[in-house]
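K.L.:
Structure: entry_24.txt, compact mmCIF, C-alpha atoms and all ligand atoms.
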# COMPACT_ATOMS: atom_id res chain seq x y z
CA MET R 1 -36.55 -34.46 191.02
CA HIS R 2 -35.41 -37.03 193.55
CA PRO R 3 -38.23 -37.53 196.08
CA HIS R 4 -36.01 -37.10 199.17
CA ILE R 5 -33.49 -34.41 198.24
CA TRP R 6 -33.85 -30.64 198.52
CA TYR R 7 -31.32 -29.26 196.05
CA PRO R 8 -29.47 -25.97 196.68
CA TYR R 9 -30.21 -22.84 194.65
CA THR R 10 -32.99 -24.73 192.90
CA GLN R 11 -36.65 -23.89 192.44
CA ALA R 12 -37.81 -27.49 192.15
CA LYS R 13 -41.09 -26.54 190.52
CA THR R 14 -39.58 -24.86 187.47
CA ALA R 15 -36.05 -26.31 187.25
CA PRO R 16 -35.23 -28.86 184.58
CA PRO R 17 -34.63 -32.38 185.97
CA GLU R 18 -31.27 -32.76 187.71
CA LEU R 19 -28.53 -34.54 185.79
CA LYS R 20 -27.11 -37.60 187.45
CA VAL R 21 -23.34 -37.82 187.34
CA LYS R 22 -21.78 -41.26 187.42
CA SER R 23 -18.10 -40.43 187.40
CA ALA R 24 -15.63 -37.75 186.48
CA GLN R 25 -12.07 -37.58 185.19
CA GLY R 26 -10.04 -34.45 184.46
CA VAL R 27 -12.37 -31.85 182.94
CA TRP R 28 -14.96 -34.47 181.95
CA LEU R 29 -18.12 -35.48 183.79
CA GLU R 30 -19.77 -38.73 182.76
CA LEU R 31 -23.54 -38.79 183.22
CA ALA R 32 -25.54 -41.87 184.17
CA ASP R 33 -27.04 -41.91 180.66
CA GLY R 34 -23.55 -42.10 179.16
CA ARG R 35 -23.28 -38.47 177.99
CA GLN R 36 -20.00 -36.60 178.54
CA LEU R 37 -19.97 -33.00 179.79
CA LEU R 38 -16.97 -30.71 179.78
CA ASP R 39 -16.89 -29.02 183.21
CA ALA R 40 -16.11 -25.41 182.22
CA ILE R 41 -16.97 -24.04 185.70
CA SER R 42 -14.84 -26.36 187.85
CA SER R 43 -17.99 -27.70 189.54
CA TRP R 44 -18.99 -24.48 191.30
CA TRP R 45 -15.40 -23.15 191.18
CA VAL R 46 -13.80 -25.71 193.49
CA ASN R 47 -12.22 -28.25 191.18
CA THR R 48 -8.87 -26.70 190.35
CA HIS R 49 -6.82 -29.66 189.12
CA GLY R 50 -9.48 -31.70 187.38
CA HIS R 51 -11.70 -34.45 188.77
CA ALA R 52 -10.33 -37.60 190.38
CA HIS R 53 -6.73 -36.40 190.22
CA PRO R 54 -4.72 -39.47 191.23
CA LYS R 55 -2.25 -37.53 193.36
CA ILE R 56 -4.95 -36.01 195.58
CA ALA R 57 -6.91 -39.28 195.67
CA GLU R 58 -3.77 -41.10 196.82
CA ALA R 59 -3.02 -38.51 199.52
CA ILE R 60 -6.54 -38.93 200.93
CA TYR R 61 -6.29 -42.72 200.78
CA GLN R 62 -2.98 -42.73 202.65
CA GLN R 63 -4.21 -40.28 205.27
CA ALA R 64 -7.47 -42.21 205.81
CA GLN R 65 -5.50 -45.21 206.97
CA GLN R 66 -3.43 -43.12 209.38
CA LEU R 67 -5.83 -40.63 211.00
CA GLU R 68 -9.20 -39.76 209.51
CA GLN R 69 -10.45 -37.23 212.07
CA VAL R 70 -9.63 -35.98 215.55
CA ILE R 71 -10.81 -33.20 217.86
CA PHE R 72 -8.76 -30.06 217.10
CA SER R 73 -9.15 -28.25 220.42
CA GLY R 74 -6.39 -29.36 222.76
CA PHE R 75 -5.07 -31.66 220.01
CA SER R 76 -3.11 -31.21 216.82
CA HIS R 77 -1.86 -33.30 213.91
CA ALA R 78 0.82 -33.27 211.24
CA PRO R 79 -1.38 -32.59 208.17
CA ALA R 80 -2.84 -29.43 209.77
CA GLU R 81 0.57 -28.23 210.95
CA GLN R 82 2.17 -28.83 207.57
CA LEU R 83 -0.69 -27.13 205.78
CA ALA R 84 -0.51 -24.09 208.06
CA GLU R 85 3.24 -23.85 207.34
CA GLN R 86 2.71 -24.20 203.59
CA LEU R 87 0.03 -21.54 203.56
CA VAL R 88 2.00 -19.03 205.61
CA GLN R 89 5.00 -19.61 203.34
CA ARG R 90 2.94 -18.90 200.20
CA LEU R 91 0.89 -16.00 201.53
CA PRO R 92 2.30 -12.46 201.68
CA THR R 93 4.58 -11.81 204.64
CA GLY R 94 2.60 -10.82 207.72
CA LEU R 95 -0.25 -13.33 207.45
CA ASP R 96 0.89 -15.77 210.12
CA ARG R 97 -1.96 -17.39 212.05
CA VAL R 98 -4.17 -20.01 210.44
CA PHE R 99 -7.66 -20.74 211.80
CA PHE R 100 -9.31 -23.81 210.28
CA SER R 101 -12.95 -24.38 209.34
CA ASP R 102 -14.79 -26.20 206.60
CA ASN R 103 -16.49 -23.96 204.02
CA GLY R 104 -16.22 -20.52 202.49
CA SER R 105 -19.12 -18.91 204.35
CA THR R 106 -17.62 -20.04 207.61
CA ALA R 107 -14.17 -18.75 206.71
CA VAL R 108 -15.77 -15.32 206.26
CA GLU R 109 -17.84 -15.63 209.46
CA VAL R 110 -14.62 -16.32 211.35
CA ALA R 111 -12.97 -13.28 209.76
CA LEU R 112 -15.88 -11.07 210.82
CA LYS R 113 -15.78 -12.40 214.37
CA MET R 114 -12.00 -12.02 214.56
CA ALA R 115 -12.19 -8.43 213.33
CA TYR R 116 -15.08 -7.44 215.57
CA GLN R 117 -13.64 -9.01 218.70
CA TYR R 118 -10.17 -7.64 217.91
CA TRP R 119 -11.48 -4.14 218.61
CA VAL R 120 -13.51 -5.28 221.63
CA ASN R 121 -10.47 -7.01 223.12
CA ARG R 122 -8.48 -3.80 222.66
CA ASP R 123 -11.21 -1.78 224.41
CA ARG R 124 -11.98 0.18 221.26
CA PRO R 125 -15.21 -1.42 220.04
CA ARG R 126 -16.33 -0.73 216.48
CA SER R 127 -19.91 -1.29 215.45
CA THR R 128 -20.00 -1.89 211.72
CA PHE R 129 -18.31 -3.24 208.61
CA VAL R 130 -17.79 -1.71 205.20
CA ALA R 131 -18.48 -3.92 202.19
CA PHE R 132 -18.95 -3.53 198.44
CA GLU R 133 -22.11 -3.34 196.39
CA GLY R 134 -22.63 -6.60 194.51
CA ALA R 135 -20.44 -8.59 196.91
CA TYR R 136 -21.12 -12.23 197.75
CA HIS R 137 -19.59 -13.69 200.90
CA GLY R 138 -21.76 -16.73 201.63
CA ASP R 139 -25.21 -17.85 202.75
CA THR R 140 -25.05 -17.76 206.56
CA PHE R 141 -26.63 -14.78 208.34
CA GLY R 142 -23.36 -12.98 209.00
CA THR R 143 -22.10 -13.43 205.46
CA MET R 144 -25.48 -12.48 203.99
CA ALA R 145 -25.30 -9.30 206.07
CA VAL R 146 -21.95 -8.28 204.55
CA GLY R 147 -22.97 -9.34 201.05
CA GLY R 148 -24.59 -6.87 198.70
CA ARG R 149 -28.33 -7.08 199.24
CA SER R 150 -29.66 -9.37 196.50
CA VAL R 151 -32.38 -11.85 195.61
CA PHE R 152 -30.42 -14.40 197.65
CA SER R 153 -30.81 -12.50 200.94
CA GLN R 154 -33.87 -10.31 200.28
CA VAL R 155 -36.31 -12.37 202.34
CA PHE R 156 -34.06 -12.17 205.43
CA HIS R 157 -33.41 -8.47 205.14
CA GLU R 158 -34.74 -7.36 208.53
CA LEU R 159 -32.60 -9.91 210.37
CA LEU R 160 -29.30 -8.78 208.82
CA PHE R 161 -27.00 -6.40 210.71
CA ASN R 162 -26.21 -3.03 209.22
CA VAL R 163 -23.28 -2.68 206.88
CA ARG R 164 -22.11 0.33 204.90
CA TYR R 165 -21.72 -0.23 201.19
CA VAL R 166 -19.47 1.44 198.66
CA PRO R 167 -19.44 0.88 194.88
CA PHE R 168 -17.16 -1.79 193.42
CA PRO R 169 -15.16 -0.14 190.60
CA ALA R 170 -15.81 -2.83 188.00
CA THR R 171 -13.74 -2.68 184.84
CA HIS R 172 -13.43 -4.60 181.58
CA LEU R 173 -11.15 -4.88 178.56
CA ALA R 174 -10.68 -1.59 176.68
CA ASP R 175 -12.23 0.33 179.60
CA THR R 176 -11.04 3.94 179.69
CA ALA R 177 -12.91 5.08 182.81
CA ALA R 178 -11.48 2.62 185.34
CA ALA R 179 -9.29 5.10 187.23
CA GLU R 180 -12.13 7.60 187.47
CA ARG R 181 -14.52 4.96 188.85
CA GLU R 182 -11.88 3.95 191.38
CA GLN R 183 -11.49 7.52 192.59
CA GLN R 184 -15.25 7.81 193.07
CA ALA R 185 -15.36 4.57 195.05
CA LEU R 186 -12.41 5.69 197.19
CA ALA R 187 -13.99 9.08 197.83
CA GLN R 188 -17.16 7.39 199.09
CA LEU R 189 -15.11 5.01 201.16
CA ARG R 190 -13.23 7.91 202.74
CA SER R 191 -16.44 9.57 203.84
CA VAL R 192 -17.83 6.29 205.21
CA LEU R 193 -14.64 5.62 207.17
CA ALA R 194 -14.66 9.11 208.65
CA ALA R 195 -17.30 7.94 211.15
CA GLY R 196 -14.52 5.91 212.83
CA ASP R 197 -16.81 2.97 213.65
CA CYS R 198 -15.60 0.49 211.02
CA ALA R 199 -14.26 -2.83 212.36
CA GLY R 200 -13.10 -3.89 208.91
CA ILE R 201 -13.43 -3.48 205.16
CA LEU R 202 -14.36 -6.68 203.37
CA ILE R 203 -13.72 -7.24 199.67
CA GLU R 204 -13.43 -10.02 197.11
CA PRO R 205 -10.12 -8.85 195.64
CA LEU R 206 -9.79 -8.58 191.83
CA VAL R 207 -12.94 -10.59 191.09
CA GLN R 208 -16.40 -10.49 192.67
CA GLY R 209 -17.74 -14.00 192.08
CA ALA R 210 -21.42 -14.79 192.53
CA GLY R 211 -22.26 -11.08 192.25
CA GLY R 212 -21.53 -11.34 188.53
CA MET R 213 -17.81 -11.92 187.91
CA GLN R 214 -17.08 -8.22 188.21
CA MET R 215 -13.37 -7.43 188.01
CA CYS R 216 -11.33 -4.54 189.41
CA ARG R 217 -7.74 -3.43 188.84
CA PRO R 218 -4.85 -4.23 191.21
CA GLU R 219 -4.29 -0.46 191.51
CA PHE R 220 -7.61 -0.15 193.30
CA LEU R 221 -6.66 -2.73 195.90
CA GLN R 222 -3.38 -0.93 196.52
CA GLN R 223 -5.20 2.32 197.20
CA LEU R 224 -7.75 0.48 199.34
CA ARG R 225 -4.92 -0.95 201.42
CA GLN R 226 -3.49 2.51 201.94
CA LEU R 227 -6.87 3.92 202.93
CA ALA R 228 -7.55 1.11 205.42
CA THR R 229 -4.18 1.74 207.06
CA GLU R 230 -4.74 5.49 207.22
CA ALA R 231 -8.19 4.96 208.76
CA ASP R 232 -6.77 2.41 211.21
CA THR R 233 -9.23 -0.31 210.27
CA LEU R 234 -8.74 -3.92 209.20
CA LEU R 235 -8.69 -5.00 205.57
CA ILE R 236 -10.25 -8.42 204.97
CA PHE R 237 -9.82 -10.25 201.66
CA ASP R 238 -12.43 -12.86 200.88
CA GLU R 239 -10.35 -15.04 198.57
CA VAL R 240 -12.67 -18.02 198.86
CA MET R 241 -12.98 -18.02 195.08
CA THR R 242 -9.84 -16.15 194.00
CA GLY R 243 -7.35 -18.24 195.98
CA PHE R 244 -5.00 -20.97 194.77
CA GLY R 245 -4.19 -19.84 191.25
CA ARG R 246 -7.55 -18.60 190.04
CA THR R 247 -6.42 -15.05 189.36
CA GLY R 248 -3.11 -16.05 187.78
CA ASP R 249 -1.00 -16.07 190.93
CA TRP R 250 -1.22 -18.00 194.19
CA PHE R 251 -3.68 -15.45 195.54
CA ALA R 252 -5.26 -12.20 194.34
CA CYS R 253 -3.32 -10.41 197.08
CA ALA R 254 -0.07 -11.66 195.54
CA ARG R 255 -1.19 -10.67 192.05
CA SER R 256 -2.09 -7.18 193.26
CA HIS R 257 0.90 -6.78 195.59
CA THR R 258 -1.34 -6.02 198.55
CA THR R 259 -1.41 -7.58 202.00
CA PRO R 260 -4.71 -7.76 203.85
CA ASP R 261 -4.92 -8.13 207.65
CA ILE R 262 -7.15 -11.20 207.28
CA ILE R 263 -7.65 -13.54 204.33
CA CYS R 264 -10.38 -16.18 203.81
CA LEU R 265 -9.64 -19.22 201.65
CA SER R 266 -11.69 -22.24 200.73
CA LYS R 267 -12.92 -23.26 197.28
CA GLY R 268 -9.76 -24.49 195.56
CA ILE R 269 -7.95 -25.44 198.74
CA THR R 270 -8.36 -29.23 198.43
CA GLY R 271 -8.52 -29.18 194.64
CA GLY R 272 -12.27 -29.71 195.00
CA PHE R 273 -12.07 -33.04 196.83
CA LEU R 274 -13.16 -32.24 200.38
CA PRO R 275 -14.71 -29.33 202.26
CA LEU R 276 -12.06 -27.26 204.06
CA ALA R 277 -11.44 -23.59 204.73
CA VAL R 278 -9.00 -21.34 206.54
CA THR R 279 -8.99 -17.80 207.84
CA VAL R 280 -5.45 -16.49 208.11
CA CYS R 281 -4.67 -13.33 210.08
CA ALA R 282 -1.80 -11.07 211.04
CA GLU R 283 0.04 -11.84 214.26
CA GLN R 284 -1.11 -8.52 215.71
CA ILE R 285 -4.72 -9.73 215.57
CA TYR R 286 -3.85 -13.02 217.23
CA GLN R 287 -2.05 -11.11 219.97
CA ALA R 288 -5.21 -9.15 220.82
CA PHE R 289 -6.80 -12.48 221.84
CA TYR R 290 -3.73 -13.80 223.71
CA SER R 291 -4.61 -13.11 227.32
CA ASP R 292 -5.23 -14.44 230.83
CA ASN R 293 -8.77 -13.20 230.48
CA PRO R 294 -11.02 -16.03 229.22
CA LEU R 295 -13.39 -13.50 227.67
CA LYS R 296 -10.71 -12.59 225.15
CA THR R 297 -10.80 -16.09 223.63
CA LEU R 298 -12.15 -16.64 220.13
CA TYR R 299 -14.95 -19.03 221.06
CA HIS R 300 -15.47 -20.51 217.64
CA GLY R 301 -14.97 -23.99 216.18
CA HIS R 302 -16.59 -26.70 214.10
CA SER R 303 -16.94 -30.46 214.41
CA TYR R 304 -14.77 -31.08 211.36
CA THR R 305 -12.27 -28.28 211.98
CA ALA R 306 -8.95 -29.10 210.26
CA ASN R 307 -10.13 -32.54 209.18
CA PRO R 308 -6.91 -34.50 208.47
CA LEU R 309 -8.21 -35.88 205.15
CA GLY R 310 -8.99 -32.35 203.98
CA CYS R 311 -5.56 -31.15 205.08
CA ALA R 312 -3.84 -34.04 203.27
CA ALA R 313 -5.82 -33.26 200.12
CA ALA R 314 -4.88 -29.59 200.45
CA LEU R 315 -1.16 -30.40 200.76
CA ALA R 316 -1.33 -32.46 197.55
CA ALA R 317 -3.34 -29.73 195.78
CA ILE R 318 -0.77 -27.10 196.76
CA GLU R 319 2.00 -29.25 195.29
CA LEU R 320 0.04 -29.56 192.05
CA THR R 321 -0.53 -25.81 191.92
CA ALA R 322 3.19 -25.21 192.35
CA GLU R 323 4.00 -27.73 189.60
CA ASN R 324 1.48 -26.22 187.17
CA PHE R 325 2.11 -22.59 187.88
CA SER R 326 2.81 -21.66 184.24
CA ALA R 327 -0.68 -22.86 183.26
CA PHE R 328 -2.27 -19.73 184.77
CA ALA R 329 -0.56 -17.18 182.54
CA GLN R 330 -1.17 -19.44 179.54
CA MET R 331 -4.86 -19.70 180.29
CA GLU R 332 -5.17 -15.95 180.73
CA GLN R 333 -3.69 -15.47 177.26
CA LEU R 334 -5.97 -18.07 175.71
CA HIS R 335 -9.02 -16.46 177.32
CA GLN R 336 -7.98 -13.10 175.91
CA GLN R 337 -7.48 -14.50 172.42
CA GLN R 338 -10.81 -16.31 172.49
CA LEU R 339 -12.74 -13.34 173.87
CA ALA R 340 -11.33 -11.08 171.16
CA ALA R 341 -13.57 -12.90 168.70
CA PHE R 342 -16.63 -11.54 170.54
CA SER R 343 -15.50 -7.93 170.79
CA ALA R 344 -17.86 -6.78 168.02
CA HIS R 345 -20.66 -9.26 168.78
CA PRO R 346 -24.00 -7.41 169.00
CA ARG R 347 -25.14 -9.48 172.00
CA VAL R 348 -21.95 -9.09 174.05
CA GLU R 349 -20.47 -6.38 176.26
CA ASN R 350 -17.94 -5.88 179.05
CA LEU R 351 -15.49 -8.63 178.08
CA ARG R 352 -13.13 -9.28 180.95
CA VAL R 353 -10.35 -11.64 182.03
CA THR R 354 -8.40 -12.15 185.24
CA GLY R 355 -6.10 -15.16 185.31
CA THR R 356 -8.12 -18.32 184.68
CA ILE R 357 -11.48 -16.51 184.81
CA ALA R 358 -13.14 -15.01 181.73
CA ALA R 359 -16.55 -13.32 181.69
CA LEU R 360 -18.88 -11.28 179.51
CA ASP R 361 -22.35 -9.76 179.79
CA VAL R 362 -24.97 -10.98 177.35
CA VAL R 363 -27.05 -8.05 176.14
CA THR R 364 -30.79 -8.65 176.47
CA ALA R 365 -33.92 -6.52 176.80
CA GLU R 366 -33.76 -7.23 180.56
CA ASP R 367 -31.26 -5.69 182.99
CA THR R 368 -28.04 -7.39 184.06
CA SER R 369 -29.25 -9.53 186.96
CA TYR R 370 -29.19 -13.02 188.44
CA LEU R 371 -32.82 -13.48 187.40
CA ASN R 372 -32.22 -12.55 183.76
CA GLN R 373 -33.87 -15.39 181.86
CA VAL R 374 -31.16 -15.74 179.23
CA GLY R 375 -29.04 -17.55 181.84
CA MET R 376 -31.36 -20.54 181.91
CA VAL R 377 -31.48 -20.64 178.12
CA ILE R 378 -27.67 -20.67 177.88
CA ARG R 379 -27.40 -23.29 180.61
CA GLN R 380 -29.73 -25.64 178.76
CA ARG R 381 -28.17 -25.10 175.33
CA SER R 382 -24.63 -25.55 176.58
CA ILE R 383 -25.52 -28.84 178.23
CA GLU R 384 -27.13 -30.00 175.00
CA ALA R 385 -23.82 -29.12 173.32
CA GLY R 386 -21.79 -31.10 175.87
CA VAL R 387 -20.41 -28.26 178.00
CA LEU R 388 -21.28 -27.36 181.58
CA LEU R 389 -21.79 -23.58 181.74
CA ARG R 390 -23.89 -21.94 184.44
CA PRO R 391 -24.29 -18.23 183.79
CA LEU R 392 -25.17 -15.88 186.64
CA GLY R 393 -28.24 -14.44 184.96
CA ASN R 394 -26.89 -12.79 181.80
CA VAL R 395 -23.28 -12.92 183.00
CA LEU R 396 -21.60 -15.73 181.14
CA TYR R 397 -18.25 -16.90 182.49
CA VAL R 398 -15.68 -19.63 181.95
CA MET R 399 -13.67 -20.89 184.94
CA PRO R 400 -12.25 -24.29 184.03
CA PRO R 401 -9.98 -26.65 185.94
CA TYR R 402 -6.32 -25.77 185.27
CA CYS R 403 -5.71 -29.02 183.40
CA ILE R 404 -8.02 -28.10 180.50
CA THR R 405 -6.19 -28.38 177.17
CA GLU R 406 -6.05 -25.65 174.55
CA ALA R 407 -8.31 -27.75 172.31
CA GLU R 408 -10.84 -28.33 175.08
CA LEU R 409 -10.94 -24.63 175.90
CA ALA R 410 -11.45 -23.88 172.20
CA GLN R 411 -14.36 -26.31 172.28
CA VAL R 412 -15.95 -24.38 175.16
CA TYR R 413 -15.63 -21.12 173.24
CA ALA R 414 -17.00 -22.69 170.06
CA VAL R 415 -20.13 -23.71 171.99
CA ILE R 416 -20.39 -20.19 173.47
CA ALA R 417 -20.10 -18.65 169.99
CA GLU R 418 -22.81 -20.93 168.67
CA ILE R 419 -25.15 -20.10 171.54
CA LEU R 420 -24.53 -16.34 171.26
CA ASP R 421 -25.19 -16.45 167.52
CA SER R 422 -28.40 -18.37 168.13
CA LEU R 423 -29.57 -15.52 170.38
CA VAL R 424 -29.10 -12.83 167.74
C1 LIG R 501 -18.46 -19.41 197.32
C2 LIG R 501 -18.02 -18.20 198.05
C3 LIG R 501 -18.26 -18.07 199.42
C4 LIG R 501 -19.02 -19.09 200.21
O1 LIG R 501 -18.39 -20.33 200.23
P1 LIG R 501 -19.22 -21.66 200.54
O2 LIG R 501 -18.20 -22.71 200.64
O3 LIG R 501 -20.15 -21.83 199.39
O4 LIG R 501 -19.95 -21.41 201.82
C5 LIG R 501 -17.78 -16.96 200.06
N1 LIG R 501 -17.11 -16.00 199.38
C6 LIG R 501 -16.86 -16.09 198.07
C7 LIG R 501 -16.07 -15.03 197.40
C8 LIG R 501 -17.32 -17.19 197.35
O5 LIG R 501 -17.10 -17.27 196.04
How would this structure read if it were set down as structure tokens?
P.N.:
Amino acid sequence: MHPHIWYPYTQAKTAPPELKVKSAQGVWLELADGRQLLDAISSWWVNTHGHAHPKIAEAIYQQAQQLEQVIFSGFSHAPAEQLAEQLVQRLPTGLDRVFFSDNGSTAVEVALKMAYQYWVNRDRPRSTFVAFEGAYHGDTFGTMAVGGRSVFSQVFHELLFNVRYVPFPATHLADTAAAEREQQALAQLRSVLAAGDCAGILIEPLVQGAGGMQMCRPEFLQQLRQLATEADTLLIFDEVMTGFGRTGDWFACARSHTTPDIICLSKGITGGFLPLAVTVCAEQIYQAFYSDNPLKTLYHGHSYTANPLGCAAALAAIELTAENFSAFAQMEQLHQQQLAAFSAHPRVENLRVTGTIAALDVVTAEDTSYLNQVGMVIRQRSIEAGVLLRPLGNVLYVMPPYCITEAELAQVYAVIAEILDSLV
């Protein structure tokens, strides 16, 4: 390990030595020792259009010579304004106000603060949030509190505010019990909402990410929307991972024909070039803060809020997403075809696909969990085979940049097949 760096999500004592990356191009990482690795996880899910995409690089270069950074309170700039317009145009009708920040956790923090203060500002305070078991919303205290309690947040448990949890109705290919599971989740949700103290319901729509790539049906989100409206509470979509094409449409809300009251976006927003995030809300929420009373202000902001370079990168990434829109449906089909080969594999269960994301559970003697040891084994073997895979415990997933070719994707699956066979 490097003597001066503390790496994230890494137990330095037991982790294998970190791999030094020299450069990257498209789906390929080049290591300092000359090895090539195919990045099948989009570098922690952010790199949507491949590494070093010349169009995004050029946009950043141009913007850097014009305006690299400026205070965003009392000031504005063209890249932020254009990006806000682009986002509102692509999001479902009704999501109108864009609040900028710089990472996914923060986008969710802002959503929580908006929702909580919305009720305070309207003199109808609400004291809690409803979230889903297995959810992951980030690593700050607020986002840990709304995440499912896990090994990530366990040590901080007593400092986290109370949240009510309901089950996430996870489904998979050839599942016949999905509708039943959804009804159970909705029934629990109904009883939780009956208390009338819920400021908002927070969900990762269609795909729960770090919690294990659990997928739900669009039908569930539609019923959730209806329930939130009936209970007069806010529906918050954490689309930090699912945004910008990941689920096969611009956003999971578009794919599921649902409109949340607040949406959080970050990972793919700049194509993986720069940290940036937005929290977009309905005009009605903004209006609850619009007042002569200074106490009704949303007192929240960050040093690099709406960084112009990030906004310029995001504008270029959005153009690329629009140009490559047909790639999403194609990738979904390829995932399905490739996964079919594992349907009878003795070490595999719960095959699932949503858009550009494919996942499966590796069957081991241990439970499905982030600490399941098979994850480390797969990680090491895939790197030896030239592919970057990083299972969440025994949950193995593929989430490549959109520019991956059919042959490259086949290569990823060939390595997966080899590794799964070696486990038998
Ligand atoms: C990654 C992620 C976050 C946190 O984003 P960071 O940029 O890592 O802080 C929040 N929600 C979801 C759904 C995520 O996948």
K.L.:
Taking only C-alpha atoms and all ligand atoms into account, which residues are within 7 Å of ligand LIG 501 (chain R), as a PDB file with C-alpha atoms, keeping the file's coordinate frame?
P.N.:
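Output contents, as saved in selection-v8.pdb:
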ATOM      1  CA  ASN R 103     -16.490 -23.960 204.020  1.00  0.00           C
ATOM      2  CA  GLY R 104     -16.220 -20.520 202.490  1.00  0.00           C
ATOM      3  CA  SER R 105     -19.120 -18.910 204.350  1.00  0.00           C
ATOM      4  CA  THR R 106     -17.620 -20.040 207.610  1.00  0.00           C
ATOM      5  CA  VAL R 108     -15.770 -15.320 206.260  1.00  0.00           C
ATOM      6  CA  TYR R 136     -21.120 -12.230 197.750  1.00  0.00           C
ATOM      7  CA  HIS R 137     -19.590 -13.690 200.900  1.00  0.00           C
ATOM      8  CA  GLY R 138     -21.760 -16.730 201.630  1.00  0.00           C
ATOM      9  CA  ASP R 139     -25.210 -17.850 202.750  1.00  0.00           C
ATOM     10  CA  GLU R 204     -13.430 -10.020 197.110  1.00  0.00           C
ATOM     11  CA  GLN R 208     -16.400 -10.490 192.670  1.00  0.00           C
ATOM     12  CA  GLY R 209     -17.740 -14.000 192.080  1.00  0.00           C
ATOM     13  CA  ALA R 210     -21.420 -14.790 192.530  1.00  0.00           C
ATOM     14  CA  ASP R 238     -12.430 -12.860 200.880  1.00  0.00           C
ATOM     15  CA  GLU R 239     -10.350 -15.040 198.570  1.00  0.00           C
ATOM     16  CA  VAL R 240     -12.670 -18.020 198.860  1.00  0.00           C
ATOM     17  CA  MET R 241     -12.980 -18.020 195.080  1.00  0.00           C
ATOM     18  CA  SER R 266     -11.690 -22.240 200.730  1.00  0.00           C
ATOM     19  CA  LYS R 267     -12.920 -23.260 197.280  1.00  0.00           C
TER      20      LYS R 267
END
K.L.:
Hey, can you check how far atom CA of Leu91 of chain R sits from atom CA of Tyr304 of chain R?
P.N.:
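Going from atom CA of Leu91 of chain R over to atom CA of Tyr304 of chain R, I get 23.9 Å.
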K.L.:
Do you know which residues are at most 8 Å from segment 388-393 of chain R counting all atoms listed in the file, after dropping those on the same chain fewer than 3 positions away, and could you put them as a list of chain:residue names?
P.N.:
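Within the cut-off, the hits are R:Leu37, R:Leu38, R:Asp39, R:Ala40, R:Ile41, R:Ala210, R:Gly211, R:Gly212, R:Thr368, R:Ser369, R:Tyr370, R:Leu371, R:Asn372, R:Gln373, R:Val374, R:Gly375, R:Met376, R:Ile378, R:Arg379, R:Ser382, R:Ile383, R:Leu396, R:Tyr397, R:Val398.
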K.L.:
Give the answer as one residue: which of R:Phe328, R:Tyr413, R:Phe273, R:Phe100 has the shortest atom-to-atom distance to His53 of chain R, using all atoms listed in the file?
P.N.:
R:Phe273
K.L.:
Return the single residue from R:Asp232, R:Asp249, R:Glu408, R:Asp421 that is closest to Trp28 of chain R, with distances computed using only C-alpha atoms.
P.N.:
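Closest to Trp28 of chain R of all the choices is R:Glu408.
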K.L.:
Could you pull the residues within 9 Å of Asn162 of chain R, counting all atoms listed in the file, minus those fewer than 5 positions along the same chain, as a PyMOL selection string?
P.N.:
chain R and resi 128-129+145-146
K.L.:
Just to be explicit: take each residue in the selection above, keep C-alpha atoms, and write the result as a PDB file, in the frame of the given file.
P.N.:
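Listed below is the output, part_1.pdb:
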ATOM      1  CA  THR R 128     -20.000  -1.890 211.720  1.00  0.00           C
ATOM      2  CA  PHE R 129     -18.310  -3.240 208.610  1.00  0.00           C
ATOM      3  CA  ALA R 145     -25.300  -9.300 206.070  1.00  0.00           C
ATOM      4  CA  VAL R 146     -21.950  -8.280 204.550  1.00  0.00           C
TER       5      VAL R 146
END
K.L.:
Please report, as JSON, the centre and edge lengths in Å to one decimal of an axis-aligned box covering all listed atoms of segment 227-236 of chain R with 5 Å per side.
P.N.:
{"center_x": -7.2, "center_y": -1.5, "center_z": 207.1, "size_x": 16.1, "size_y": 23.9, "size_z": 18.3}
